[in-house]
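Asks: Could you have a look at this structure, given as structure tokens, before my questions?
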Amino acid sequence: MGDFFQKQKSYQPKLFNMAESTNMRLRLPLLCIILEVILIILFGALVEYNDDTHAKLWNANKSHSATRDDYENEFYYRYPSFQDVHVMIFVGFGFLMTFLQRYGFSSVGFNFLIAAFSLQWATLMQGFFHGMHHGKIHVGVTSMINADFCTGSVLISFGAVLGKTSPVQLLVMAIFEVTLFAVNEFILLSMLGANDAGGSMTIHTFGAYFGLMVTRVLYRPNLDKSKHRNSSVYHSDLFAMIGTIYLWMFWPSFNSAITNYGDPQHRTALNTYYSLAACTLATFAFSALVNPEGKLDMVHIQNAALAGGVAVGTAGEMMLTPFGSMIVGFLAGTISVLGYKYLTPVLESKLKIQDTCGIHNLHGMPGVLGAVVGAVTSALASPGVYGDGLQRVFADAETGKWNPQSRVANSLNIKTYLQSVSKQNMPVFFSGFILKLPIYGAPPDTHCFEDGLYWEVPGEEEGHELNEVATPNEMEKLNS
Amino acid sequence: MGDFFQKQKSYQPKLFNMAESTNMRLRLPLLCIILEVILIILFGALVEYNDDTHAKLWNANKSHSATRDDYENEFYYRYPSFQDVHVMIFVGFGFLMTFLQRYGFSSVGFNFLIAAFSLQWATLMQGFFHGMHHGKIHVGVTSMINADFCTGSVLISFGAVLGKTSPVQLLVMAIFEVTLFAVNEFILLSMLGANDAGGSMTIHTFGAYFGLMVTRVLYRPNLDKSKHRNSSVYHSDLFAMIGTIYLWMFWPSFNSAITNYGDPQHRTALNTYYSLAACTLATFAFSALVNPEGKLDMVHIQNAALAGGVAVGTAGEMMLTPFGSMIVGFLAGTISVLGYKYLTPVLESKLKIQDTCGIHNLHGMPGVLGAVVGAVTSALASPGVYGDGLQRVFADAETGKWNPQSRVANSLNIKTYLQSVSKQNMPVFFSGFILKLPIYGAPPDTHCFEDGLYWEVPGEEEGHELNEVATPNEMEKLNS
Amino acid sequence: MGDFFQKQKSYQPKLFNMAESTNMRLRLPLLCIILEVILIILFGALVEYNDDTHAKLWNANKSHSATRDDYENEFYYRYPSFQDVHVMIFVGFGFLMTFLQRYGFSSVGFNFLIAAFSLQWATLMQGFFHGMHHGKIHVGVTSMINADFCTGSVLISFGAVLGKTSPVQLLVMAIFEVTLFAVNEFILLSMLGANDAGGSMTIHTFGAYFGLMVTRVLYRPNLDKSKHRNSSVYHSDLFAMIGTIYLWMFWPSFNSAITNYGDPQHRTALNTYYSLAACTLATFAFSALVNPEGKLDMVHIQNAALAGGVAVGTAGEMMLTPFGSMIVGFLAGTISVLGYKYLTPVLESKLKIQDTCGIHNLHGMPGVLGAVVGAVTSALASPGVYGDGLQRVFADAETGKWNPQSRVANSLNIKTYLQSVSKQNMPVFFSGFILKLPIYGAPPDTHCFEDGLYWEVPGEEEGHELNEVATPNEMEKLNS
């Protein structure tokens with residue numbers, strides 16, 4: 001290893017100027033420390049335990065009611081789901097993006113950094129918009145899940161700009177995106193009264209839309225100078241499959257994590273399970289079909305097989321039935337593979353959208369499909385089908401507002417959604433231009449998709465020659 | 001990468017004829033789409049939410065009883081266990097089989113495909129045999145666990161034929177195996193009244209038996225032409241350890257996932273935990289002992305250490321005690337290592353059974369041991385030991401049938417089991433011969449254990465030479 | 001592969017003498033089998049199901065009370081947390097240590113072996129010290145978590161001696177360490193009445209302290225002969241990140257696993273979540289800051305980002321507030337990175353402490369910080385803040401002993417802790433010297449950090465040349 005680093009150092013003069021411009025020594029520490037100090041001050045001023053996490057409040061509430069007991073703490077309803085979501089955010093997204101041959105450290109590492117920041121910032125932003133309690137933000141396992149959800153949206157956008165941004169740039173992006181996410185979520189859920197437990201609209205469509213806008217603004221005409229690095233190697237594809245499989249397995253927990261207790265949570269997990277299974281068969285089918293030699297493409301398997309989870313994000317808690325879920329999943333897998341094959345190249349060449357991970361195919365289109373499915377399914381909802389459970393799925397039914405008019409209003413989800421989205425064009429573009437400022441140490445076009453700019457990178461096989469397991473030549477060299 | 005594929009393509013004429021015969025472009029999409037369409041139609045006609053997932057039924061039932069509340073939904077009893085089982089099926093089995101040097105894509109990918117199909121098909125088959133409700137199959141978290149269990153059986157069989165089959169062939173195998181699994185499970189659990197919560201008999205012995213029969217029928221006399229690929233490399237063994245460790249950790253959840261609520265679920269997890277711990281020590285001991293230089297063999301550690309989970313599959317829910325569990329685990333690890341060392345070579349040379357993953361040692365023999373242990377433990381069961389808990393473990397005790405006779409009947413598990421197994425020889429062999437038809441695009445003997453036939457495969461280190469991290473020679477080449 | 005092993009064998013004569021001295025063929029099987037037999041006998045004599053796992057007792061207790069029901073079984077409160085802890089022990093610790101280029105088999109494998117042994121031995125030792133019931137040790141999910149905790153301590157120590165010990169030596173170390181762990185835990189929790197649900201003191205500080213003492217006694221002056229192997233390669237760092245991320249994600253479950261039901265469990269998870277998030281930002285900040293080129297160091301990210309979990313181990317269940325947790329996490333990340341950069345080299349050169357994984361920085365210093373934070377937070381506790389929940393956190397409050405005096409006593413945690421630690425100097429040093437005996441087959445200085453001594457190791461890329469994916473040269477060679 002010592003040897004190896006000496007070798008590496010001898011080439012560094014050639015990279016000198018670039019190293020200057022991408023040096024993170026002051027930028028990254030300064031930004032991280034300032035952000036964390038601000039977070040700590042705001043948490044100190046604004047954040048409080050909620051009724052289920054506060055020692056005094058929980059035990060006081062308990063004595064009010066003879067029947068309430070420890071197992072009624074929301075912890076036992078939601079914590080297992082939270083942990084599954086947490087795995088999706090850190091292992092799922094993190095490893096899904098390790099498919100690039102020399103960008104694994106950054107994929108997992110920057111994913112880790114921006115997620116750790118975003119979940120703190122999201123606690124504040126979501127708390128601010130979703131109802132303060134006497135000027136305080138109350139936290140517990142549900143706020144943790146919501147913060148992780150918001151973080152997921154940022155990581156979706158990260159997928160679009162993967163390999164072309166510095167960690168400082170990503171943190172700045174996260175500041176903007178988390179804020180706009182909370183605004184968008186507030187408009188959709190609180191003002192328009194839409195249902196979106198699994199976040200087809202709030203998380204996936206928003207994250208995709210934001211990321212595509214940003215990558216459009218950051219368009220690099222000379223990105224093909226780094227083309228040779230924008231692809232996988234054998235083992236990097238296996239690491240990425242770790243991410244894929246974890247996302248796939250835990251998506252039922254993702255969609256059901258914040259639905260109401262009891263049947264909605266149970267039903268959502270079931271619907272998502274079947275949607276994903278059907279999606280996987282569609283993915284394999286179309287991946288082989290669109291290849292001239294009938295060979296499967298890892299890009300499709302790693303990504304499109306997940307579209308079924310995105311597409312039942314909104315309708316999963318409704319009486320979609322396994323039958324309906326499978327149809328939705330099958331469609332989602334199909335459009336996702338076709339998107340990777342035929343749409344992504346067009347987006348890049350015509351619309352100048354360089355979408356590294358193809359988030360448009362995994363989160364964008366399936367998210368819109370999910371919104372449509374959600375609108376249709378909620379328009380078909382009725383007390384006849386849901387019985388007394390209607391109000392447990394549709395919050396407005398609980399307040400006595402359920403009637404044909406409100407059903408139509410609900411089915412207008414998409415229209416209102418598009419309106420709300422279009423209002424965000426300006427701030428998103430603004431974020432993009434802020435991110436374009438040449439102060440963040442972004443990589444030059446010749447060194448995108450390369451860990452070496454921001455990480456101390458060891459060699460792949462260099463140390464190898466000194467092992468027991470040596471080829472005869474190496475052995476002779478060592479002996480001579 | 002572009003470069004690399006060009007290189008690769010220049011060799012493809014040599015593989016042309018083979019590429020023709022193994023081309024999946026029509027076969028795989030056609031089969032996947034037809035199967036999924038059939039599944040969707042059958043789900044539409046037959047599958048309904050059960051009482052705990054249906055909005056109307058769950059909320060109607062609730063109002064009947066003042067004490068029933070959301071926390072009594074089976075979701076909260078079983079969903080964490082389901083997720084652990086789900087991880088075992090997709091990450092556990094998937095990565096366990098990545099030990100082969102150039103078959104990682106297929107191991108994880110085909111595992112993913114056939115599992116996604118099998119869990120849908122299993123829902124139908126198990127629903128059909130385990131009791132229709134007015135002509136409908138009711139689904140919820142318990143049916144999801146059972147479908148995953150059945151899928152596990154298919155994946156066990158996949159281990160025997162790993163590297164020697166096309167994805168189309170595997171799907172066809174899954175169709176047959178899931179069906180026979182449901183029949184076998186029906187005979188054992190419903191007709192013979194056997195206990196088998198963790199599936200020593202229904203899942204492991206059946207899966208192993210089916211897989212060994214199939215690989216026997218598909219015997220390839222010239223398989224040693226692919227011998228150089230039928231082994232691991234350093235990092236592929238580490239990927240496989242991901243699978244092993246996840247299987248090992250979550251086996252307590254596997255065995256306890258569908259036992260009765262309360263003490264049986266708790267006890268099963270505990271027994272499995274100790275059985276696996278003891279099994280691991282036996283595995284390391286015998287792995288070093290059977291090696292002339294005392295070196296440990298990754299094949300043993302990856303597989304035999306899991307045999308302790310298989311062997312307490314039947315008896316885990318009974319009052320086996322930690323002491324009994326450890327004895328069983330220790331025996332299972334021992335016979336499994338000895339099987340890998342001494343039996344597998346004999347099976348191949350004498351019986352023409354080419355068992356890639358050694359499922360006979362991990363699932364076959366430990367499964368039979370588990371059946372024996374289960375028979376003995378249930379024969380020793382009595383109201384004196386179990387008290388009022390007897391009927392919670394032994395269903396027939398609940399209906400007042402518990403008496404010495406029934407205990408003896410129960411202890412005859414093995415005999416009846418073998419009878420039921422022997423009746424399945426014909427359909428299993430029939431399945432095998434169907435799989436032998438030359439229409440599935442199976443790999444030729446010279447190209448087994450090779451991802452390149454069915455996948456777009458990137459190079460391992462090709463892209464490397466263009467990175468920062470370059471040897472002096474490479475750098476000169478680039479500069480000149 | 002066959003080819004490859006032939007090559008390898010031709011060099012073995014050179015390693016002959018070494019192979020003799022490190023041969024595990026008799027040592028390892030003998031020790032494993034003897035230990036497991038002793039464990040089985042002791043379990044048979046001493047271990048019984050507890051009230052929640054015993055068929056008779058659970059069902060008998062149920063009938064005593066009309067309100068008690070299955071969902072009150074401790075299984076449903078603790079099993080999901082147990083599984084998360086289990087993942088941390090086997091995947092977290094196991095893969096965290098795979099960062100070494102040629103020690104992945106041993107990292108995961110020996111981690112597996114000593115953890116499987118330790119959890120059995122810990123059940124006995126902890127049961128013995130924490131209260132026998134009529135001469136019997138009662139087991140259930142809580143004892144499983146405690147056994148895993150104790151195992152974690154052994155694995156922390158393993159990190160200090162990683163690469164320099166044989167598996168036999170590690171098992172002997174585990175025998176001593178588990179025993180002393182149980183004594184130390186008894187002194188702290190039972191005699192001094194300290195609170196330490198997440199084990200800042202009992203697990204992390206103890207494990208670090210024990211490991212550093214042992215590695216000091218086993219000091220190797222000529223370890224730099226193996227220096228070239230004591231470093232990572234690209235993919236080994238990615239494997240290690242699997243361990244890191246799993247430890248990070250599940251740490252909230254670790255700290256909350258054995259706290260009281262309800263608000264304490266919920267609050268602990270929340271505090272740990274925020275502490276880790278703040279810690280991660282500090283880690284990235286200081287990792288870039290201490291590097292001359294501003295590059296991030298994988299060693300820091302893999303380890304220091306976890307210090308936030310260690311540092312709230314004691315205070316996490318108290319009313320630390322998210323604000324307080326974030327301050328503690330930020331401090332922990334900072335001192336951990338600075339420790340890796342500036343302290344570890346000094347410890348090796350001046351104090352002759354060769355700490356392979358830097359456990360002093362991850363578990364030692366943050367553990368002490370955690371003890372201080374715990375003392376301060378418990379000193380500030382009062383009925384005004386905790387209400388009726390006071391006795392659910394501080395056990396002595398329950399018995400009516402809560403008063404200013406006891407609060408002061410509690411704040412003396414550190415002093416009493418240091419006293420108890422200092423009393424253990426003798427037995428720990430004694431353990432170290434026992435481990436120094438030349439009978440365990442430890443690796444010679446020239447072959448530390450090398451899997452090949454104890455494992456059958458396949459080549460990395462050797463088999464490669466026979467694949468489809470071949471370079472032109474290789475292809476020609478094959479064809480000629």
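Every chain in the structure tokens has a letter given in the order shown (A, B, ...), and although residue numbers restart at 1 in each chain, ligands are simply numbered from 1 in the order shown.
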Kindly assemble as a tab-separated table a list of the chain A residues that lie within 6 Å of chain B, each paired with its nearest atom pair and their distance in Å to one decimal, using only C-alpha atoms, sorted first by chain and then by ascending residue number.

Replies:
```
residue	atom	partner	partner_atom	distance
A:His228	CA	B:Met1	CA	5.3
A:Val233	CA	B:Glu460	CA	5.1
A:Tyr234	CA	B:Glu460	CA	5.2
A:Gly262	CA	B:Asp70	CA	4.8
A:Asp263	CA	B:Thr53	CA	4.7
A:His266	CA	B:Thr53	CA	5.5
A:Arg267	CA	B:Thr53	CA	4.8
A:Ala277	CA	B:Ala116	CA	4.7
A:Leu281	CA	B:Cys32	CA	5.7
A:Ala285	CA	B:Pro29	CA	3.8
A:Ala288	CA	B:Arg25	CA	5.2
A:Leu289	CA	B:Arg25	CA	5.1
A:Gly294	CA	B:Arg25	CA	3.6
A:Lys295	CA	B:Trp455	CA	4.8
A:Leu296	CA	B:Trp455	CA	4.6
A:Asp297	CA	B:Glu456	CA	5.5
A:Phe323	CA	B:Gly44	CA	4.9
A:Tyr386	CA	B:Lys56	CA	4.6
A:Gly387	CA	B:Lys56	CA	4.3
A:Asp388	CA	B:Asn59	CA	5.7
A:Gly389	CA	B:Ala55	CA	4.8
```

Asks: Deliver the residues from the most recent selection as a file, using N, CA and C atoms, as a PDB file, in the first residue's frame.

Replies:
```
ATOM      1  N   HIS A 228     -16.096   6.863 -20.532  1.00  0.00           N
ATOM      2  CA  HIS A 228     -15.519   5.548 -20.233  1.00  0.00           C
ATOM      3  C   HIS A 228     -15.702   5.152 -18.776  1.00  0.00           C
ATOM      4  N   VAL A 233     -18.628  -2.237 -13.746  1.00  0.00           N
ATOM      5  CA  VAL A 233     -17.812  -3.439 -13.897  1.00  0.00           C
ATOM      6  C   VAL A 233     -18.552  -4.578 -13.201  1.00  0.00           C
ATOM      7  N   TYR A 234     -18.036  -5.780 -13.340  1.00  0.00           N
ATOM      8  CA  TYR A 234     -18.790  -6.942 -12.886  1.00  0.00           C
ATOM      9  C   TYR A 234     -19.203  -6.838 -11.415  1.00  0.00           C
ATOM     10  N   GLY A 262     -53.867  -0.852  11.692  1.00  0.00           N
ATOM     11  CA  GLY A 262     -54.836  -1.910  11.410  1.00  0.00           C
ATOM     12  C   GLY A 262     -54.898  -2.268   9.937  1.00  0.00           C
ATOM     13  N   ASP A 263     -56.122  -2.386   9.410  1.00  0.00           N
ATOM     14  CA  ASP A 263     -56.274  -2.875   8.048  1.00  0.00           C
ATOM     15  C   ASP A 263     -55.555  -2.034   6.991  1.00  0.00           C
ATOM     16  N   HIS A 266     -51.876  -3.106   6.900  1.00  0.00           N
ATOM     17  CA  HIS A 266     -51.801  -4.489   6.440  1.00  0.00           C
ATOM     18  C   HIS A 266     -52.050  -4.588   4.925  1.00  0.00           C
ATOM     19  N   ARG A 267     -53.115  -3.905   4.478  1.00  0.00           N
ATOM     20  CA  ARG A 267     -53.511  -3.975   3.066  1.00  0.00           C
ATOM     21  C   ARG A 267     -52.462  -3.354   2.153  1.00  0.00           C
ATOM     22  N   ALA A 277     -44.048  -8.020  -7.420  1.00  0.00           N
ATOM     23  CA  ALA A 277     -43.826  -9.341  -8.019  1.00  0.00           C
ATOM     24  C   ALA A 277     -44.189  -9.313  -9.503  1.00  0.00           C
ATOM     25  N   LEU A 281     -41.628  -9.627 -13.216  1.00  0.00           N
ATOM     26  CA  LEU A 281     -41.781 -10.445 -14.423  1.00  0.00           C
ATOM     27  C   LEU A 281     -41.817  -9.577 -15.673  1.00  0.00           C
ATOM     28  N   ALA A 285     -39.119  -9.709 -18.789  1.00  0.00           N
ATOM     29  CA  ALA A 285     -39.672  -9.939 -20.127  1.00  0.00           C
ATOM     30  C   ALA A 285     -39.200  -8.861 -21.098  1.00  0.00           C
ATOM     31  N   ALA A 288     -35.295  -8.594 -21.925  1.00  0.00           N
ATOM     32  CA  ALA A 288     -34.833  -9.543 -22.944  1.00  0.00           C
ATOM     33  C   ALA A 288     -35.371  -9.159 -24.326  1.00  0.00           C
ATOM     34  N   LEU A 289     -36.596  -8.671 -24.342  1.00  0.00           N
ATOM     35  CA  LEU A 289     -37.241  -8.386 -25.627  1.00  0.00           C
ATOM     36  C   LEU A 289     -36.576  -7.239 -26.381  1.00  0.00           C
ATOM     37  N   GLY A 294     -31.324 -10.865 -27.081  1.00  0.00           N
ATOM     38  CA  GLY A 294     -32.145 -11.435 -26.025  1.00  0.00           C
ATOM     39  C   GLY A 294     -31.463 -11.496 -24.675  1.00  0.00           C
ATOM     40  N   LYS A 295     -30.398 -10.702 -24.506  1.00  0.00           N
ATOM     41  CA  LYS A 295     -29.694 -10.728 -23.223  1.00  0.00           C
ATOM     42  C   LYS A 295     -30.295  -9.723 -22.256  1.00  0.00           C
ATOM     43  N   LEU A 296     -30.305 -10.103 -20.994  1.00  0.00           N
ATOM     44  CA  LEU A 296     -30.842  -9.234 -19.949  1.00  0.00           C
ATOM     45  C   LEU A 296     -29.846  -8.127 -19.636  1.00  0.00           C
ATOM     46  N   ASP A 297     -30.376  -6.951 -19.300  1.00  0.00           N
ATOM     47  CA  ASP A 297     -29.532  -5.808 -18.996  1.00  0.00           C
ATOM     48  C   ASP A 297     -29.655  -5.482 -17.502  1.00  0.00           C
ATOM     49  N   PHE A 323     -55.312  -8.117  -7.485  1.00  0.00           N
ATOM     50  CA  PHE A 323     -55.518  -8.129  -8.935  1.00  0.00           C
ATOM     51  C   PHE A 323     -55.144  -6.768  -9.531  1.00  0.00           C
ATOM     52  N   TYR A 386     -65.825   0.036   1.446  1.00  0.00           N
ATOM     53  CA  TYR A 386     -64.939   0.240   2.593  1.00  0.00           C
ATOM     54  C   TYR A 386     -65.650   0.097   3.940  1.00  0.00           C
ATOM     55  N   GLY A 387     -66.984   0.190   3.929  1.00  0.00           N
ATOM     56  CA  GLY A 387     -67.702   0.100   5.201  1.00  0.00           C
ATOM     57  C   GLY A 387     -67.228   1.166   6.176  1.00  0.00           C
ATOM     58  N   ASP A 388     -67.143   0.761   7.451  1.00  0.00           N
ATOM     59  CA  ASP A 388     -66.687   1.704   8.469  1.00  0.00           C
ATOM     60  C   ASP A 388     -65.215   2.064   8.306  1.00  0.00           C
ATOM     61  N   GLY A 389     -64.545   1.375   7.391  1.00  0.00           N
ATOM     62  CA  GLY A 389     -63.134   1.664   7.190  1.00  0.00           C
ATOM     63  C   GLY A 389     -62.884   2.831   6.256  1.00  0.00           C
TER      64      GLY A 389
END
```

Asks: What gap, in Å, lies between atom CA of Ala307 of chain A and atom CA of Leu212 of chain A?

Replies: 17.4 Å

Asks: Considering only alpha helix (DSSP H) as DSSP defines it on the backbone, what residues of segment 222-255 of chain A qualify? List them as a ChimeraX atom specification.

Replies: /A:234-255

Asks: Export N, CA, C and O atoms of the chosen residues as an mmCIF file, in the first residue's frame?

Replies:
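Saved as part-v3.cif:
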```cif
data_model
loop_
_atom_site.group_PDB
_atom_site.id
_atom_site.type_symbol
_atom_site.label_atom_id
_atom_site.label_comp_id
_atom_site.auth_asym_id
_atom_site.auth_seq_id
_atom_site.Cartn_x
_atom_site.Cartn_y
_atom_site.Cartn_z
ATOM 1 N N TYR A 234 -18.036 -5.780 -13.340
ATOM 2 C CA TYR A 234 -18.790 -6.942 -12.886
ATOM 3 C C TYR A 234 -19.203 -6.838 -11.415
ATOM 4 O O TYR A 234 -20.386 -6.955 -11.089
ATOM 5 N N HIS A 235 -18.231 -6.595 -10.533
ATOM 6 C CA HIS A 235 -18.574 -6.579 -9.114
ATOM 7 C C HIS A 235 -19.363 -5.342 -8.707
ATOM 8 O O HIS A 235 -20.138 -5.383 -7.756
ATOM 9 N N SER A 236 -19.182 -4.222 -9.422
ATOM 10 C CA SER A 236 -19.966 -3.033 -9.056
ATOM 11 C C SER A 236 -21.451 -3.292 -9.324
ATOM 12 O O SER A 236 -22.315 -2.796 -8.604
ATOM 13 N N ASP A 237 -21.750 -4.076 -10.348
ATOM 14 C CA ASP A 237 -23.150 -4.428 -10.601
ATOM 15 C C ASP A 237 -23.715 -5.319 -9.503
ATOM 16 O O ASP A 237 -24.909 -5.242 -9.191
ATOM 17 N N LEU A 238 -22.876 -6.158 -8.923
ATOM 18 C CA LEU A 238 -23.361 -6.992 -7.816
ATOM 19 C C LEU A 238 -23.615 -6.152 -6.570
ATOM 20 O O LEU A 238 -24.590 -6.381 -5.851
ATOM 21 N N PHE A 239 -22.719 -5.188 -6.307
ATOM 22 C CA PHE A 239 -22.978 -4.288 -5.180
ATOM 23 C C PHE A 239 -24.298 -3.549 -5.394
ATOM 24 O O PHE A 239 -25.088 -3.385 -4.457
ATOM 25 N N ALA A 240 -24.532 -3.100 -6.628
ATOM 26 C CA ALA A 240 -25.774 -2.377 -6.899
ATOM 27 C C ALA A 240 -26.995 -3.255 -6.652
ATOM 28 O O ALA A 240 -28.041 -2.772 -6.204
ATOM 29 N N MET A 241 -26.863 -4.559 -6.935
ATOM 30 C CA MET A 241 -27.996 -5.468 -6.697
ATOM 31 C C MET A 241 -28.353 -5.562 -5.213
ATOM 32 O O MET A 241 -29.503 -5.835 -4.864
ATOM 33 N N ILE A 242 -27.373 -5.361 -4.335
ATOM 34 C CA ILE A 242 -27.698 -5.300 -2.902
ATOM 35 C C ILE A 242 -28.699 -4.175 -2.671
ATOM 36 O O ILE A 242 -29.712 -4.346 -1.986
ATOM 37 N N GLY A 243 -28.423 -3.016 -3.273
ATOM 38 C CA GLY A 243 -29.344 -1.892 -3.133
ATOM 39 C C GLY A 243 -30.716 -2.207 -3.707
ATOM 40 O O GLY A 243 -31.750 -1.983 -3.059
ATOM 41 N N THR A 244 -30.734 -2.760 -4.912
ATOM 42 C CA THR A 244 -31.994 -3.086 -5.568
ATOM 43 C C THR A 244 -32.853 -4.011 -4.725
ATOM 44 O O THR A 244 -34.030 -3.757 -4.474
ATOM 45 N N ILE A 245 -32.242 -5.110 -4.289
ATOM 46 C CA ILE A 245 -33.014 -6.132 -3.581
ATOM 47 C C ILE A 245 -33.565 -5.579 -2.271
ATOM 48 O O ILE A 245 -34.709 -5.848 -1.900
ATOM 49 N N TYR A 246 -32.757 -4.771 -1.560
ATOM 50 C CA TYR A 246 -33.274 -4.199 -0.312
ATOM 51 C C TYR A 246 -34.415 -3.233 -0.564
ATOM 52 O O TYR A 246 -35.392 -3.200 0.189
ATOM 53 N N LEU A 247 -34.299 -2.434 -1.611
ATOM 54 C CA LEU A 247 -35.419 -1.545 -1.935
ATOM 55 C C LEU A 247 -36.659 -2.370 -2.250
ATOM 56 O O LEU A 247 -37.766 -2.091 -1.771
ATOM 57 N N TRP A 248 -36.483 -3.408 -3.053
ATOM 58 C CA TRP A 248 -37.606 -4.233 -3.484
ATOM 59 C C TRP A 248 -38.285 -4.905 -2.292
ATOM 60 O O TRP A 248 -39.509 -4.880 -2.158
ATOM 61 N N MET A 249 -37.482 -5.509 -1.416
ATOM 62 C CA MET A 249 -38.052 -6.265 -0.298
ATOM 63 C C MET A 249 -38.798 -5.372 0.677
ATOM 64 O O MET A 249 -39.824 -5.777 1.238
ATOM 65 N N PHE A 250 -38.262 -4.182 0.936
ATOM 66 C CA PHE A 250 -38.823 -3.355 2.002
ATOM 67 C C PHE A 250 -39.832 -2.334 1.488
ATOM 68 O O PHE A 250 -40.370 -1.551 2.272
ATOM 69 N N TRP A 251 -40.106 -2.334 0.176
ATOM 70 C CA TRP A 251 -41.081 -1.371 -0.342
ATOM 71 C C TRP A 251 -42.466 -1.542 0.291
ATOM 72 O O TRP A 251 -43.169 -0.549 0.533
ATOM 73 N N PRO A 252 -42.906 -2.760 0.578
ATOM 74 C CA PRO A 252 -44.183 -2.887 1.298
ATOM 75 C C PRO A 252 -44.174 -2.118 2.617
ATOM 76 O O PRO A 252 -45.190 -1.532 3.012
ATOM 77 N N SER A 253 -43.048 -2.091 3.305
ATOM 78 C CA SER A 253 -42.953 -1.317 4.545
ATOM 79 C C SER A 253 -42.955 0.181 4.264
ATOM 80 O O SER A 253 -43.502 0.962 5.040
ATOM 81 N N PHE A 254 -42.329 0.568 3.181
ATOM 82 C CA PHE A 254 -42.267 1.983 2.804
ATOM 83 C C PHE A 254 -43.677 2.527 2.578
ATOM 84 O O PHE A 254 -44.063 3.555 3.126
ATOM 85 N N ASN A 255 -44.440 1.817 1.752
ATOM 86 C CA ASN A 255 -45.775 2.315 1.410
ATOM 87 C C ASN A 255 -46.742 2.257 2.588
ATOM 88 O O ASN A 255 -47.687 3.050 2.650
#
```

Asks: Which residue is closest to Gly193 of chain A? Choose from A:Cys448, A:Ala395, A:Thr179, A:Val154 and count only C-alpha atoms.

Replies: A:Ala395
